[in-house]
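Participant: One structure follows; several queries about it will come next.
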Amino acid sequence: MSDLARLQRDMKRAILGDDQALANVDTDIVSMGLEPAQRMQIHRNNYKETLTTSLKAVFPVVQAFVGEAFFEAAAKQFVLSSPPGKAQLVEYGRALADFYDTYEHAASVSYVADLLRLEWAVHVIQNSDEREPVSVIEVDEAVSNKSLALVPQMQVISSDHPILSLWMVGTGQMPPEAVHVEQEGQNALVIRIDGAVQLQAINDVQLELVKSFHEGNFTGVIDENSHHNELKKMAERGMLTLAA
Amino acid sequence: MNIAETSLRSLGDMPVGVSLKSQYYQLVLEHAPSIAFFEIHAENYMVDGGAHHRFLEAIVEKYPLSLHGVGMSLGSAEGISSEHIKRFRDLVERYNPTLVSEHLAWSVEGGHYLNDLLPFPLNQESLDIVIDNVNTVQDALGRQILVENPSSYMAFNSSDIPEVEFLSRMAGATGCGLLFDVNNVFVSGRNMGWSPEEYIDSVDVDLIGEVHLAGHLVKDVDGVELRIDDHGSAISDDVWALYERLIKRSGDKATLIEWDNNVPDFDVLQGEANKAYNIMTDQNQNKLKASA
């Protein structure tokens, strides 16, 4: 390992909170009035602040639910355990929901993880590629040609919690007293139409059809006649396109 | 061909640009402000679709673009991510920017991105690594890039090449140009205890393809003054004085007003851009008077 590779490994570990690595780089850094650890602290702070600020921008609705202080504390712990795997901040935050699944301080608000998944889907769909949806009258022919596909500007989120209702509370469209977290689960369709991201309810049949498309199980999708009607309803909603 | 001349010809009579933030999209398209070019951070546009691309496509029909990367990690011992280069190249091909730049810094280790412009020792080992990495990027893009001098908060015991010499040798070995950030010179000089004026006077101005100007923050850390390059305020008088000193040596240079945090009304950036323009105009007039 080169000297530079060793230094960069230790600096990264120090930035991610490893105090032994911080001690390792101590002799590499010139003091000049401030201790090396104080100089490293600038970069430790930069890392935490930049990523926490980015997460706050991606998840404003969840932040409104749990409060800024709670969100920040969780985010700072998350960024130390899950550093980004890509340079673009816009792709950082997908794993925050999984982190909340096991975050001890969020145990009493178990719905938050799914709310994070929903908000991440909104974020992704805002920046996704877009394809022209197929019209309803084209569905039968597309089914026989096996050329139907999901548009890239949509995702579905299935939850054991009433995430659509909770979303409406978080965005001020519904008063908090109108929703009980113990209500039955909801499936959400996140779709971009005419440049604006919309959240809609989606039934279990359409949810299963979406899963079949994702699994490449197109034969299963068209086997039952009843699915043709559901596919037409999905086309009406702008969920389907012709495969490239 | 001289790098600076190439850029200036493409950017017209007033080669001063500003950062393009999403808050300005509508204003730029509706009012077409008098700005030579806009600069974007490449990583913010590494998405497949959405509003950012729609606005940028409309804006580049009217203005030249500078594509400024913050995540290439030219100083990484492990080399450059081929996936990141591909995404960067896709943007270059899509928008055909007039200027393309990156930083003398590292941010990647073991496949993890630390989203910071981290420093490294300046010595023969790191110079060889940076040269390899710059060559890799330029080969992949099929064009020259500009590399920005860093703002520093720490120095290393194993550094034995002065920063200006490091930049010059890197440019000589790779054919890259310099993105000369005057605020970074001031911030680093104050933090590291060397003279920003000497730095300005010693840089090879022919290598400079673009200049950056930005504001910075002054912090007190346990009684020690520290300058932080936060791009969140107006350019300081000290930095304007250094810019004037540079332009006196170099002549006109494509100049960008950077403002990434506490983003103000566009008029504020326009005012800073006008100031840079006036400095270049005054220097040109002084030269004319001197030669008359």
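Each chain in the structure tokens gets a letter, A, B and so on, in the order shown; residues start at 1 in every chain, and ligands are counted from 1 in the order they appear.
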May I have the residues within 8 Å of region 125-141 of chain A as a PyMOL selection string, using only C-alpha atoms and disregarding those fewer than 2 positions away in the same chain?
Facilitator: (chain A and resi 121-123+143-145+148+151-155+190-192+196-197+228+231-233+235-236+238-242) or (chain B and resi 47-52)
Participant: Looking only at the backbone, which of the residues in region 68-202 of chain A does DSSP tag as strand (DSSP E or B), as a VMD selection string?
Facilitator: chain A and resid 148 to 150 154 to 158 187 to 193 196 to 201
Participant: Could you work out which residues of chain B fall inside 9 Å of chain A? Count only C-alpha atoms, and format the result as a ChimeraX atom specification.
Facilitator: /B:42-53,70-72,76-78,84,106-118,120-121,125-126,153-158,192-193,221-222,224
Participant: May I have the residues within 9 Å of Arg169 (chain B) as a VMD selection string, using only C-alpha atoms and disregarding those fewer than 4 positions away in the same chain?
Facilitator: chain B and resid 127 131 164 to 165 173 to 174
Participant: Quick one: everything within 12 Å of Ala106 (chain A), counting only C-alpha atoms, minus sequence neighbours fewer than 4 positions away in the same chain. Send it as a ChimeraX atom specification.
Facilitator: /A:65-66,70-71,73-74,97-102,110-113
Participant: Export, as a PDB file, in the first residue's frame, the selected residues with C-alpha atoms.
Facilitator:
```pdb
ATOM      1  CA  PHE A  65     -43.192  14.183  11.429  1.00  0.00           C
ATOM      2  CA  VAL A  66     -40.311  13.359  13.748  1.00  0.00           C
ATOM      3  CA  PHE A  70     -34.705  13.862  16.066  1.00  0.00           C
ATOM      4  CA  PHE A  71     -34.124  13.713  12.316  1.00  0.00           C
ATOM      5  CA  ALA A  73     -29.553  13.073  15.392  1.00  0.00           C
ATOM      6  CA  ALA A  74     -30.558   9.978  13.411  1.00  0.00           C
ATOM      7  CA  ALA A  97     -35.320   3.684   5.652  1.00  0.00           C
ATOM      8  CA  ASP A  98     -33.471   0.422   6.416  1.00  0.00           C
ATOM      9  CA  PHE A  99     -31.491   2.271   9.092  1.00  0.00           C
ATOM     10  CA  TYR A 100     -34.765   3.393  10.737  1.00  0.00           C
ATOM     11  CA  ASP A 101     -35.998  -0.206  10.714  1.00  0.00           C
ATOM     12  CA  THR A 102     -33.393  -0.995  13.366  1.00  0.00           C
ATOM     13  CA  SER A 110     -42.321   2.040  13.167  1.00  0.00           C
ATOM     14  CA  TYR A 111     -44.299   3.660  10.319  1.00  0.00           C
ATOM     15  CA  VAL A 112     -41.511   6.197   9.767  1.00  0.00           C
ATOM     16  CA  ALA A 113     -39.343   3.720   7.829  1.00  0.00           C
TER      17      ALA A 113
END
```
Participant: What's the separation between CA of Glu61 (chain B) and CA of Thr98 (chain B), in Å to one decimal place?
Facilitator: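 Result for CA of Glu61 (chain B) versus CA of Thr98 (chain B): 12.7 Å, one decimal.
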Participant: Quick one: distance from CA of Leu104 (chain B) to CA of Tyr277 (chain B) in Å, one decimal?
Facilitator: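 According to the coordinates, CA of Leu104 (chain B) and CA of Tyr277 (chain B) are separated by 26.9 Å.
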Participant: Can you pull out every residue within 12 Å of Asn278 (chain B), counting only C-alpha atoms, but drop anything in the same chain fewer than 6 positions away, and send it as an MDAnalysis selection string?
Facilitator: chainID B and resid 14:16 240 243:244 247 252 271:272 284:285
